[in-house]
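Participant: Got data_17.cif for you, mmCIF, C-alpha atoms:
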data_upload
loop_
_atom_site.label_atom_id
_atom_site.label_comp_id
_atom_site.auth_asym_id
_atom_site.auth_seq_id
_atom_site.Cartn_x
_atom_site.Cartn_y
_atom_site.Cartn_z
CA MET A 1 -16.83 28.42 35.12
CA ASP A 2 -20.05 26.39 35.19
CA GLN A 3 -22.02 29.62 34.92
CA GLU A 4 -19.97 30.63 31.87
CA LEU A 5 -20.57 27.27 30.23
CA MET A 6 -24.30 27.55 30.75
CA HIS A 7 -24.30 30.84 28.85
CA TYR A 8 -21.95 30.03 25.98
CA PRO A 9 -21.92 32.48 23.04
CA HIS A 10 -24.20 31.58 20.14
CA PHE A 11 -23.30 32.13 16.51
CA THR A 12 -25.87 34.56 15.14
CA SER A 13 -26.81 35.56 11.62
CA GLU A 14 -25.14 38.95 12.16
CA MET A 15 -21.82 37.20 12.82
CA LYS A 16 -21.87 35.82 9.29
CA LYS A 17 -20.58 39.19 8.06
CA THR A 18 -18.15 39.91 10.88
CA HIS A 19 -16.57 36.61 11.97
CA THR A 20 -13.89 34.33 10.52
CA ILE A 21 -14.86 30.67 10.92
CA LEU A 22 -12.00 28.24 11.55
CA ILE A 23 -12.44 24.71 10.16
CA PRO A 24 -10.39 21.73 11.43
CA ASN A 25 -8.67 19.94 8.58
CA MET A 26 -9.86 16.34 8.49
CA ALA A 27 -10.07 15.35 4.80
CA PRO A 28 -7.85 17.94 3.03
CA VAL A 29 -9.34 17.61 -0.47
CA GLN A 30 -13.02 17.42 0.48
CA PHE A 31 -12.75 20.02 3.25
CA ARG A 32 -11.08 22.56 0.97
CA MET A 33 -14.12 22.41 -1.29
CA LEU A 34 -16.44 22.50 1.74
CA ALA A 35 -14.76 25.74 2.83
CA ALA A 36 -15.29 27.13 -0.69
CA VAL A 37 -19.01 26.26 -0.50
CA MET A 38 -19.30 28.07 2.83
CA GLU A 39 -17.48 31.09 1.38
CA GLN A 40 -19.88 31.13 -1.56
CA ASP A 41 -22.74 31.02 0.93
CA GLY A 42 -21.52 34.25 2.53
CA PHE A 43 -19.32 32.96 5.36
CA HIS A 44 -15.65 33.90 5.76
CA CYS A 45 -13.75 30.66 6.45
CA GLU A 46 -10.25 29.39 6.92
CA LEU A 47 -9.21 25.73 6.74
CA LEU A 48 -6.61 25.19 9.45
CA GLN A 49 -3.20 23.86 8.42
CA ASN A 50 -1.37 24.09 11.76
CA CYS A 51 0.12 20.76 12.81
CA GLY A 52 2.99 19.64 15.01
CA SER A 53 3.44 18.28 18.52
CA GLN A 54 2.14 21.51 20.12
CA VAL A 55 -1.35 20.72 18.81
CA CYS A 56 -1.53 17.47 20.78
CA GLU A 57 0.11 19.06 23.83
CA LEU A 58 -2.52 21.82 23.91
CA GLY A 59 -5.26 19.23 23.60
CA LEU A 60 -3.83 17.30 26.53
CA LYS A 61 -3.59 20.50 28.56
CA TYR A 62 -7.29 21.30 28.27
CA VAL A 63 -8.93 17.90 27.72
CA HIS A 64 -8.68 14.78 29.89
CA ASN A 65 -6.20 12.27 28.47
CA ASP A 66 -8.83 9.51 28.53
CA THR A 67 -10.82 11.48 25.96
CA CYS A 68 -10.89 10.28 22.37
CA TYR A 69 -7.69 11.15 20.48
CA PRO A 70 -9.53 12.98 17.65
CA ALA A 71 -11.10 15.28 20.26
CA LEU A 72 -7.65 16.08 21.66
CA LEU A 73 -6.34 16.96 18.20
CA VAL A 74 -9.33 18.99 17.00
CA ILE A 75 -9.48 21.00 20.23
CA GLY A 76 -5.69 21.35 20.30
CA GLN A 77 -5.66 22.59 16.68
CA PHE A 78 -8.31 25.19 17.46
CA LEU A 79 -6.54 26.43 20.59
CA ASP A 80 -3.17 26.53 18.81
CA ALA A 81 -4.73 28.68 16.07
CA LEU A 82 -6.31 31.04 18.62
CA ASP A 83 -2.97 31.31 20.46
CA SER A 84 -1.15 32.21 17.24
CA GLY A 85 -2.19 35.89 17.26
CA LYS A 86 -3.38 35.69 13.65
CA TYR A 87 -7.04 36.23 14.47
CA ASP A 88 -9.23 38.91 16.02
CA LEU A 89 -10.56 36.83 18.90
CA ASP A 90 -13.72 38.92 19.19
CA HIS A 91 -14.55 38.16 15.57
CA THR A 92 -13.56 34.50 15.30
CA ALA A 93 -15.79 31.42 15.45
CA LEU A 94 -15.16 27.67 15.27
CA ILE A 95 -17.11 24.93 13.52
CA ILE A 96 -17.16 21.17 14.04
CA THR A 97 -19.30 18.33 12.72
CA GLN A 98 -21.57 16.12 14.84
CA THR A 99 -23.07 12.82 13.76
CA GLY A 100 -25.62 12.71 16.56
CA GLY A 101 -24.93 9.01 17.13
CA GLY A 102 -23.68 7.18 20.21
CA CYS A 103 -20.03 7.93 19.51
CA ARG A 104 -18.28 10.34 21.86
CA ALA A 105 -17.70 12.58 18.81
CA SER A 106 -21.22 13.92 19.30
CA ASN A 107 -20.04 15.46 22.58
CA TYR A 108 -16.86 17.12 21.30
CA ILE A 109 -18.66 20.45 21.10
CA HIS A 110 -19.19 20.54 24.87
CA LEU A 111 -15.56 19.59 25.52
CA LEU A 112 -14.48 22.34 23.12
CA ARG A 113 -16.60 25.01 24.81
CA LYS A 114 -15.23 23.98 28.19
CA ALA A 115 -11.65 24.13 26.86
CA LEU A 116 -12.25 27.59 25.38
CA VAL A 117 -13.36 28.92 28.77
CA LYS A 118 -10.36 27.34 30.53
CA ALA A 119 -7.96 28.74 27.90
CA GLY A 120 -9.35 32.26 28.24
CA TYR A 121 -11.46 32.45 25.08
CA PRO A 122 -15.04 32.35 26.43
CA GLN A 123 -16.21 34.84 23.80
CA VAL A 124 -15.48 32.51 20.84
CA PRO A 125 -18.68 30.86 19.56
CA VAL A 126 -18.75 27.27 18.32
CA MET A 127 -21.00 26.20 15.43
CA SER A 128 -22.19 22.66 14.78
CA MET A 129 -22.62 21.16 11.32
CA ASN A 130 -24.92 18.17 11.65
CA PHE A 131 -27.90 16.42 10.08
CA SER A 132 -29.51 15.48 13.41
CA GLY A 133 -31.07 18.73 14.52
CA LEU A 134 -28.49 19.24 17.29
CA GLU A 135 -27.36 22.63 18.59
CA LYS A 136 -30.25 24.52 17.00
CA ASP A 137 -29.16 27.77 18.66
CA SER A 138 -25.58 27.56 17.34
CA GLY A 139 -26.00 25.13 14.48
CA PHE A 140 -25.03 25.66 10.88
CA PRO A 141 -28.14 26.35 8.74
CA MET A 142 -28.60 23.22 6.61
CA THR A 143 -30.61 24.56 3.68
CA LEU A 144 -31.50 22.45 0.64
CA PRO A 145 -29.28 24.53 -1.71
CA PHE A 146 -26.35 24.08 0.67
CA LEU A 147 -26.97 20.32 0.92
CA ARG A 148 -27.04 20.02 -2.86
CA LYS A 149 -23.70 21.80 -3.09
CA LEU A 150 -22.26 19.72 -0.25
CA LEU A 151 -23.18 16.45 -1.96
CA SER A 152 -21.65 17.61 -5.23
CA VAL A 153 -18.31 18.56 -3.68
CA LEU A 154 -18.15 15.33 -1.68
CA TYR A 155 -18.46 13.35 -4.91
CA TYR A 156 -15.90 15.59 -6.60
CA GLY A 157 -13.53 15.13 -3.66
CA ASP A 158 -13.94 11.36 -3.41
CA LEU A 159 -13.32 11.00 -7.13
CA LEU A 160 -10.21 13.20 -7.07
CA VAL A 161 -8.75 11.26 -4.13
CA THR A 162 -9.45 7.93 -5.87
CA LEU A 163 -8.00 9.00 -9.24
CA LYS A 164 -4.80 10.35 -7.72
CA ALA A 165 -4.36 7.29 -5.49
CA GLN A 166 -4.60 4.88 -8.42
CA THR A 167 -2.38 6.95 -10.73
CA ALA A 168 0.45 8.41 -8.63
CA PRO A 169 2.20 5.08 -7.74
CA TYR A 170 2.57 4.22 -11.43
CA GLU A 171 3.19 7.63 -13.06
CA MET A 172 6.25 7.95 -15.27
CA LYS A 173 6.65 11.64 -14.48
CA LYS A 174 6.82 12.11 -10.72
CA GLY A 175 4.22 14.51 -9.36
CA ALA A 176 1.97 14.51 -12.43
CA ALA A 177 -1.07 13.09 -10.61
CA GLU A 178 -0.71 15.44 -7.65
CA ALA A 179 -0.36 18.45 -9.97
CA LEU A 180 -3.49 17.42 -11.89
CA GLN A 181 -5.41 16.95 -8.65
CA GLN A 182 -4.37 20.44 -7.55
CA THR A 183 -5.43 21.88 -10.91
CA TRP A 184 -8.85 20.31 -10.59
CA LEU A 185 -9.17 21.49 -6.98
CA ASP A 186 -8.47 25.07 -8.08
CA THR A 187 -10.91 24.71 -10.98
CA ILE A 188 -13.75 23.34 -8.86
CA CYS A 189 -13.24 25.94 -6.12
CA GLY A 190 -13.38 28.57 -8.88
CA TRP A 191 -16.70 27.12 -10.08
CA ILE A 192 -18.03 27.15 -6.54
CA GLY A 193 -17.20 30.85 -6.23
CA GLN A 194 -19.28 31.43 -9.37
CA ASN A 195 -22.12 29.29 -7.99
CA ARG A 196 -21.86 26.68 -10.72
CA GLY A 197 -20.77 23.08 -11.10
CA PHE A 198 -23.51 21.66 -8.87
CA SER A 199 -26.18 20.45 -11.29
CA SER A 200 -26.34 16.76 -12.22
CA ARG A 201 -25.35 17.59 -15.79
CA GLU A 202 -22.35 19.68 -14.70
CA VAL A 203 -21.15 17.11 -12.16
CA LYS A 204 -21.48 14.29 -14.68
CA ALA A 205 -19.50 16.16 -17.34
CA ALA A 206 -16.81 17.22 -14.86
CA MET A 207 -16.39 13.69 -13.51
CA GLU A 208 -15.92 12.27 -16.98
CA LYS A 209 -13.33 14.90 -17.88
CA MET A 210 -11.45 14.36 -14.59
CA ALA A 211 -11.18 10.61 -15.16
CA GLU A 212 -10.15 11.05 -18.80
CA GLU A 213 -7.34 13.44 -17.85
CA PHE A 214 -6.01 11.17 -15.11
CA ALA A 215 -6.22 8.18 -17.48
CA ALA A 216 -4.13 10.15 -19.98
CA ILE A 217 -1.19 10.49 -17.55
CA PRO A 218 1.61 8.17 -18.79
CA VAL A 219 1.98 5.28 -16.35
CA ARG A 220 3.88 2.02 -16.03
CA ARG A 221 1.57 -0.55 -14.43
CA VAL A 222 3.95 -2.80 -12.51
CA PRO A 223 2.87 -5.00 -9.58
CA LYS A 224 2.80 -3.06 -6.33
CA VAL A 225 1.58 -3.76 -2.84
CA LYS A 226 -2.01 -2.52 -2.56
CA VAL A 227 -3.03 -1.19 0.84
CA GLY A 228 -6.50 -0.23 2.06
CA VAL A 229 -6.99 2.22 4.93
CA VAL A 230 -10.04 2.00 7.19
CA GLY A 231 -10.86 3.09 10.72
CA GLU A 232 -12.28 5.89 12.82
CA ILE A 233 -13.28 8.69 10.49
CA TYR A 234 -10.88 11.35 11.79
CA VAL A 235 -7.67 9.30 12.06
CA LYS A 236 -8.60 7.54 8.81
CA TYR A 237 -8.56 10.78 6.80
CA SER A 238 -6.60 13.37 8.77
CA PRO A 239 -2.83 13.61 8.14
CA LEU A 240 -2.59 15.19 11.59
CA GLY A 241 -4.47 12.28 13.15
CA ASN A 242 -2.63 9.44 11.38
CA ASN A 243 0.88 10.93 11.17
CA ASP A 244 0.70 11.34 7.38
CA LEU A 245 -0.16 7.69 6.85
CA GLU A 246 -0.84 8.08 3.12
CA LYS A 247 2.53 9.74 2.55
CA PHE A 248 4.28 7.03 4.52
CA LEU A 249 2.61 4.27 2.49
CA ALA A 250 3.53 6.12 -0.72
CA SER A 251 7.16 6.24 0.47
CA GLN A 252 6.97 2.44 0.81
CA ASP A 253 5.97 2.20 -2.88
CA CYS A 254 2.36 1.18 -2.20
CA GLU A 255 -0.92 1.93 -3.91
CA VAL A 256 -3.37 3.21 -1.28
CA ASN A 257 -7.15 2.81 -1.33
CA LEU A 258 -8.92 5.21 1.03
CA PRO A 259 -12.72 4.67 0.88
CA GLY A 260 -14.60 7.90 0.24
CA LEU A 261 -16.48 10.18 2.61
CA MET A 262 -19.74 9.59 0.74
CA GLY A 263 -19.80 6.03 2.10
CA PHE A 264 -19.88 7.38 5.64
CA LEU A 265 -22.61 9.88 4.75
CA GLN A 266 -24.71 7.11 3.19
CA TYR A 267 -24.11 5.00 6.31
CA CYS A 268 -25.44 7.85 8.47
CA ILE A 269 -28.50 8.15 6.22
CA TYR A 270 -29.10 4.38 6.23
CA ASN A 271 -28.95 3.86 10.00
CA PRO A 272 -32.13 5.65 11.22
CA SER A 273 -34.40 3.46 9.08
CA GLU A 274 -32.44 0.34 10.03
CA THR A 275 -33.00 1.27 13.68
CA ALA A 276 -36.75 1.55 13.03
CA ARG A 277 -36.78 -1.80 11.23
CA LEU A 278 -34.89 -3.55 14.02
CA TYR A 279 -36.53 -1.99 17.04
CA GLY A 280 -39.86 -0.71 15.78
CA GLY A 281 -41.02 2.48 14.13
CA THR A 282 -43.53 3.97 11.73
CA PHE A 283 -43.70 3.11 8.05
CA VAL A 284 -42.13 6.46 7.19
CA GLU A 285 -39.29 5.94 9.67
CA LYS A 286 -38.58 2.49 8.23
CA HIS A 287 -38.38 3.72 4.62
CA ILE A 288 -37.23 7.35 4.70
CA SER A 289 -33.58 6.25 4.36
CA ASP A 290 -34.41 4.31 1.18
CA VAL A 291 -35.86 7.46 -0.35
CA LEU A 292 -32.79 9.53 0.52
CA LEU A 293 -30.34 6.85 -0.60
CA GLY A 294 -32.26 6.47 -3.84
CA PHE A 295 -31.71 10.18 -4.47
CA LEU A 296 -27.94 9.66 -4.13
CA GLU A 297 -27.73 6.48 -6.18
CA LYS A 298 -27.83 8.20 -9.55
CA MET A 299 -24.73 10.25 -8.77
CA GLU A 300 -23.07 7.27 -7.10
CA SER A 301 -23.61 5.08 -10.17
CA GLU A 302 -22.29 7.89 -12.36
CA MET A 303 -19.04 8.06 -10.40
CA ILE A 304 -18.65 4.28 -10.47
CA GLY A 305 -19.30 4.23 -14.21
CA VAL A 306 -16.78 7.00 -14.86
CA LEU A 307 -14.07 5.09 -13.01
CA LYS A 308 -14.76 1.81 -14.78
CA ARG A 309 -14.95 3.37 -18.25
CA ASN A 310 -11.52 4.91 -17.78
CA GLY A 311 -9.80 1.80 -16.44
CA PHE A 312 -9.82 2.55 -12.71
CA HIS A 313 -11.01 0.39 -9.84
CA ALA A 314 -14.44 1.53 -8.60
CA PRO A 315 -15.97 1.01 -5.15
CA LEU A 316 -19.10 -1.07 -4.70
CA PRO A 317 -22.49 0.68 -4.67
CA PHE A 318 -23.58 1.36 -1.10
CA ARG A 319 -26.43 -1.18 -1.20
CA GLU A 320 -23.93 -3.87 -2.23
CA LEU A 321 -21.65 -2.80 0.59
CA VAL A 322 -24.46 -3.39 3.09
CA LYS A 323 -24.84 -6.98 1.84
CA LEU A 324 -21.21 -7.76 2.72
CA THR A 325 -22.13 -7.66 6.40
CA GLU A 326 -24.40 -10.72 6.14
CA GLY A 327 -23.15 -13.49 8.41
CA VAL A 328 -20.35 -11.29 9.72
CA ILE A 329 -21.75 -8.34 11.69
CA SER A 330 -25.23 -6.95 12.36
CA THR A 331 -26.27 -3.68 10.73
CA GLY A 332 -27.69 -2.85 14.16
CA ASP A 333 -24.08 -2.26 15.22
CA LYS A 334 -23.85 1.44 14.41
CA MET A 335 -21.85 3.19 17.11
CA GLY A 336 -19.11 5.28 15.52
CA GLU A 337 -18.23 3.71 12.16
CA GLY A 338 -20.03 0.52 13.22
CA TRP A 339 -20.77 -2.12 10.63
CA LEU A 340 -19.44 0.14 7.86
CA LEU A 341 -15.89 -0.39 9.12
CA THR A 342 -16.22 -4.16 8.83
CA ALA A 343 -17.92 -3.92 5.43
CA GLU A 344 -15.16 -1.67 4.07
CA MET A 345 -12.49 -4.17 5.13
CA ILE A 346 -14.34 -6.98 3.37
CA GLU A 347 -14.83 -4.89 0.24
CA LEU A 348 -11.12 -4.00 0.13
CA VAL A 349 -10.02 -7.63 0.56
CA ARG A 350 -12.35 -8.81 -2.19
CA ALA A 351 -11.10 -6.04 -4.51
CA GLY A 352 -7.44 -7.02 -4.16
CA TYR A 353 -6.50 -4.56 -1.41
CA GLU A 354 -6.08 -7.37 1.09
CA ASN A 355 -3.34 -5.52 3.01
CA ILE A 356 -5.23 -3.22 5.35
CA VAL A 357 -4.29 -0.67 7.98
CA CYS A 358 -7.10 -0.27 10.51
CA ALA A 359 -6.43 3.16 12.03
CA GLN A 360 -8.07 3.57 15.40
CA PRO A 361 -7.78 5.92 18.36
CA PHE A 362 -6.61 4.03 21.42
CA GLY A 363 -9.62 3.31 23.61
CA CYS A 364 -12.20 3.83 20.83
CA LEU A 365 -14.62 1.01 21.66
CA PRO A 366 -16.56 1.02 18.35
CA ASN A 367 -13.29 0.63 16.43
CA HIS A 368 -11.92 -2.05 18.75
CA ILE A 369 -15.12 -4.07 18.26
CA CYS A 370 -15.97 -3.41 14.59
CA GLY A 371 -12.37 -3.09 13.46
CA LYS A 372 -9.86 -5.06 15.51
CA GLY A 373 -12.58 -7.38 16.86
CA MET A 374 -13.64 -8.50 13.36
CA ILE A 375 -10.19 -9.27 11.97
CA ASN A 376 -10.20 -12.98 12.88
CA ARG A 377 -13.65 -13.47 11.38
CA ILE A 378 -12.57 -11.76 8.14
CA ARG A 379 -9.44 -13.93 8.02
CA GLU A 380 -11.61 -17.04 8.35
CA LEU A 381 -13.67 -15.97 5.34
CA TYR A 382 -10.79 -14.47 3.34
CA PRO A 383 -7.48 -16.18 4.22
CA GLN A 384 -5.57 -13.78 1.96
CA SER A 385 -6.43 -10.82 4.21
CA ASN A 386 -3.42 -9.17 5.84
CA ILE A 387 -4.83 -6.68 8.35
CA THR A 388 -2.99 -4.76 11.04
CA PRO A 389 -4.72 -2.48 13.58
CA ILE A 390 -2.72 0.63 14.46
CA ASP A 391 -3.52 2.65 17.57
CA TYR A 392 -3.14 6.43 17.37
CA ASP A 393 -2.77 8.12 20.72
CA PRO A 394 -0.67 10.84 22.40
CA SER A 395 1.56 8.14 23.92
CA ALA A 396 1.99 6.16 20.69
CA THR A 397 5.21 6.93 18.86
CA ARG A 398 5.31 7.39 15.12
CA VAL A 399 8.27 5.03 14.74
CA ASN A 400 6.43 2.17 16.46
CA GLN A 401 3.36 2.73 14.30
CA GLU A 402 5.43 2.72 11.12
CA ASN A 403 7.41 -0.35 12.19
CA ARG A 404 4.18 -2.30 12.69
CA ILE A 405 3.00 -1.24 9.25
CA LYS A 406 6.37 -2.27 7.77
CA LEU A 407 5.91 -5.77 9.21
CA MET A 408 2.53 -5.98 7.47
CA LEU A 409 4.12 -4.73 4.22
CA ALA A 410 6.90 -7.32 4.50
CA VAL A 411 4.27 -10.07 4.42
CA ALA A 412 2.55 -8.32 1.51
CA ARG A 413 5.77 -8.13 -0.50
CA GLU A 414 6.47 -11.82 0.03
CA ARG A 415 3.05 -12.63 -1.36
CA LEU A 416 3.63 -10.26 -4.29
CA GLN A 417 6.60 -12.31 -5.50
CA PRO A 418 5.60 -14.67 -8.32
CA PRO A 419 5.86 -18.41 -7.53
CA PRO A 420 8.63 -20.41 -9.26
CA PRO A 421 7.70 -21.85 -12.68
CA SER A 422 5.90 -25.18 -12.58
CA GLY A 423 8.31 -28.11 -12.38
CA VAL A 424 11.25 -25.95 -11.33
CA PRO A 425 12.25 -26.48 -7.67
CA GLU A 426 12.50 -23.33 -5.59
CA TYR A 427 16.13 -22.39 -4.85
CA ARG A 428 17.04 -22.54 -1.19
CA GLU A 429 20.29 -21.24 0.25
CA PRO A 430 22.58 -24.03 1.53
CA VAL A 431 22.57 -24.54 5.26
CA SER A 432 25.70 -25.53 7.21
CA GLN A 433 25.66 -28.65 9.30
CA PRO A 434 25.37 -28.30 13.08
CA LEU A 435 28.62 -28.62 14.97
CA GLY A 436 28.69 -30.02 18.45
CA GLY A 437 24.99 -29.57 18.98
CA ARG A 438 24.93 -25.97 17.75
CA MET A 439 21.93 -24.96 15.66
CA ALA A 440 22.29 -24.98 11.88
CA VAL A 441 22.93 -21.53 10.46
CA ARG A 442 22.92 -20.07 6.98
CA LYS A 443 26.35 -19.62 5.42
CA GLY A 444 27.81 -16.26 6.23
CA ALA A 445 25.70 -15.76 9.34
CA LEU A 446 27.29 -15.16 12.70
CA THR A 447 27.49 -18.19 14.96
#
Step by step, read the file and then write its structure as structure tokens.
Facilitator:
Amino acid sequence: MDQELMHYPHFTSEMKKTHTILIPNMAPVQFRMLAAVMEQDGFHCELLQNCGSQVCELGLKYVHNDTCYPALLVIGQFLDALDSGKYDLDHTALIITQTGGGCRASNYIHLLRKALVKAGYPQVPVMSMNFSGLEKDSGFPMTLPFLRKLLSVLYYGDLLVTLKAQTAPYEMKKGAAEALQQTWLDTICGWIGQNRGFSSREVKAAMEKMAEEFAAIPVRRVPKVKVGVVGEIYVKYSPLGNNDLEKFLASQDCEVNLPGLMGFLQYCIYNPSETARLYGGTFVEKHISDVLLGFLEKMESEMIGVLKRNGFHAPLPFRELVKLTEGVISTGDKMGEGWLLTAEMIELVRAGYENIVCAQPFGCLPNHICGKGMINRIRELYPQSNITPIDYDPSATRVNQENRIKLMLAVARERLQPPPPSGVPEYREPVSQPLGGRMAVRKGALT
């Protein structure tokens, strides 16, 4: 087996014409457009939709149970797809992303290759999509045209997710926001197939039209519990990883704020220069991130402006997000989601989404430190914050996770109730007198 792992199959340029590339489904909206970009670039791709308990069971069969939960699910989803019989195994490849940071996610690719050998699929090559120069022999070619397209679809995706999230809870015609999101997804994927919709002018015009159409959906703006979702990137976005958390919160009549993927990309761009500033580096190393972030700021400000002009809540610019860490957590803390996780919680609380689900894989140290570990500090600074960390793990049951979230929502609903008018005493239910030392009970309660 070790010999097989040393000589794993590499994805070659010839395979571009012959192989189907399977993509794990993390962020459904953004990843659908990513698949369309890859198709337009000449690859044949399929975004996996297989879910269910068998995915986790397969992951546990071929990966140690102490391994990060997202790794179990991604590897399990791949193996479940390969087991399905739908694919020509000699002409199928897999692709995963790597951040290149200290998180264990950077090593998923080696776990996946090992699992493929154990499962009897040693011929299946694995590609890596990363910005760190990893896996050069089996890496995805990151050309400038591809990067430009990738950035455009990430902004499109983040905007579509935000617009639907802020419209659907209040729509007067059920399903209108979801239908409009689907229409725009089909439209944008159609543009991608025609190699258009990527220029600054096209993106700007499309964003404005998207926001205008969502703003035109008839809504009834009544007070609702607002919930922010943060956490490890996979369980934060993946319905498979978080047991359809967004749908569950929607079923509880909540408005959900899920910070966009572009924030994580900007965080990854920001960190190398911050490392150079903190620990030493050349002038170029200390300032290259500023140059790259400056390139993104124009599109970022355009998206923020579009949201505000059409009456929607807009996220903070990335540079403002960084400032929220001052006095709370060091920007040198950058394992996994690092300081970004803390900053997103603070931003959500300040924006009125003080009820927060912190979704974390059990045993994920970066999340336990930068997520769960920062909750008390955030509560000190923002007493209105109502944060609950939820562990996602093969042994964690969905009902327990949802019950913990319901407890958090119960507190949120109490706070949502308006206080009694000034000068009018709050009504309290009469309480019976204790008899023979028994505790007082409310009328009608069992004694």
Participant: Between A:Gln252, A:Ser289, A:Ser238, A:Ser152, which one has atoms that come closest to Ala206 of chain A, using all atoms listed in the file?
Facilitator: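 Answer, going by the shortest atom-to-atom distance: A:Ser152.
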Participant: What do you get, as a ChimeraX atom specification, if you spell out every residue that the PyMOL selection byres ((chain A and resi 16-23) around 6) selects here?
Facilitator: /A:13-15,24,43-48,91-95
Participant: Please enumerate the residues selected by the PyMOL selection byres ((chain A and resi 157) around 10) when evaluated against the supplied file, formatted as number ranges by chain.
Facilitator: A: 27-34, 151-156, 158-163, 181, 184-185, 188, 260-262
Participant: For this structure, which residues satisfy the selection - the PyMOL selection byres ((chain A and resi 337) around 9) - when it is evaluated on the file as given? I want them as JSON, numbers by chain.
Facilitator: {"A": [103, 231, 232, 233, 264, 267, 333, 334, 335, 336, 338, 339, 340, 341, 342, 366, 367, 370]}
Participant: Go through A:Glu246, A:Pro239, A:Val229, A:Pro125 one by one, measure the shortest atom-to-atom distance of each to Asn50 of chain A using only C-alpha atoms, and give the residue with the smallest value.
Facilitator: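 The answer is A:Pro239, which sits nearest to Asn50 of chain A.
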Participant: For Gly190 of chain A, which of A:Leu258, A:Ala314, A:Leu111, A:Ala36 is the closest residue, counting all atoms listed in the file?
Facilitator: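 Ranked by minimum distance to Gly190 of chain A, first place goes to A:Ala36.
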Participant: Need to verify the contact set: Val203 of chain A, 10 Å, all atoms listed in the file, exclusion of same-chain residues closer than 2 positions in sequence. Can you return it as a ChimeraX atom specification?
Facilitator: /A:152-153,155-156,196-201,205-209,299,302-303
Participant: Counting only C-alpha atoms, figure out which residue out of A:Gln266, A:Ile288, A:Asp186, A:Phe295 gets nearest to Arg319 of chain A.
Facilitator: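 Looking at the shortest contact to Arg319 of chain A, the residue is A:Gln266.
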Participant: Could you please determine the separation between atom CA of Thr325 of chain A and atom CA of Leu249 of chain A in Å, to one decimal place?
Facilitator: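 Result for atom CA of Thr325 of chain A versus atom CA of Leu249 of chain A: 27.7 Å, one decimal.
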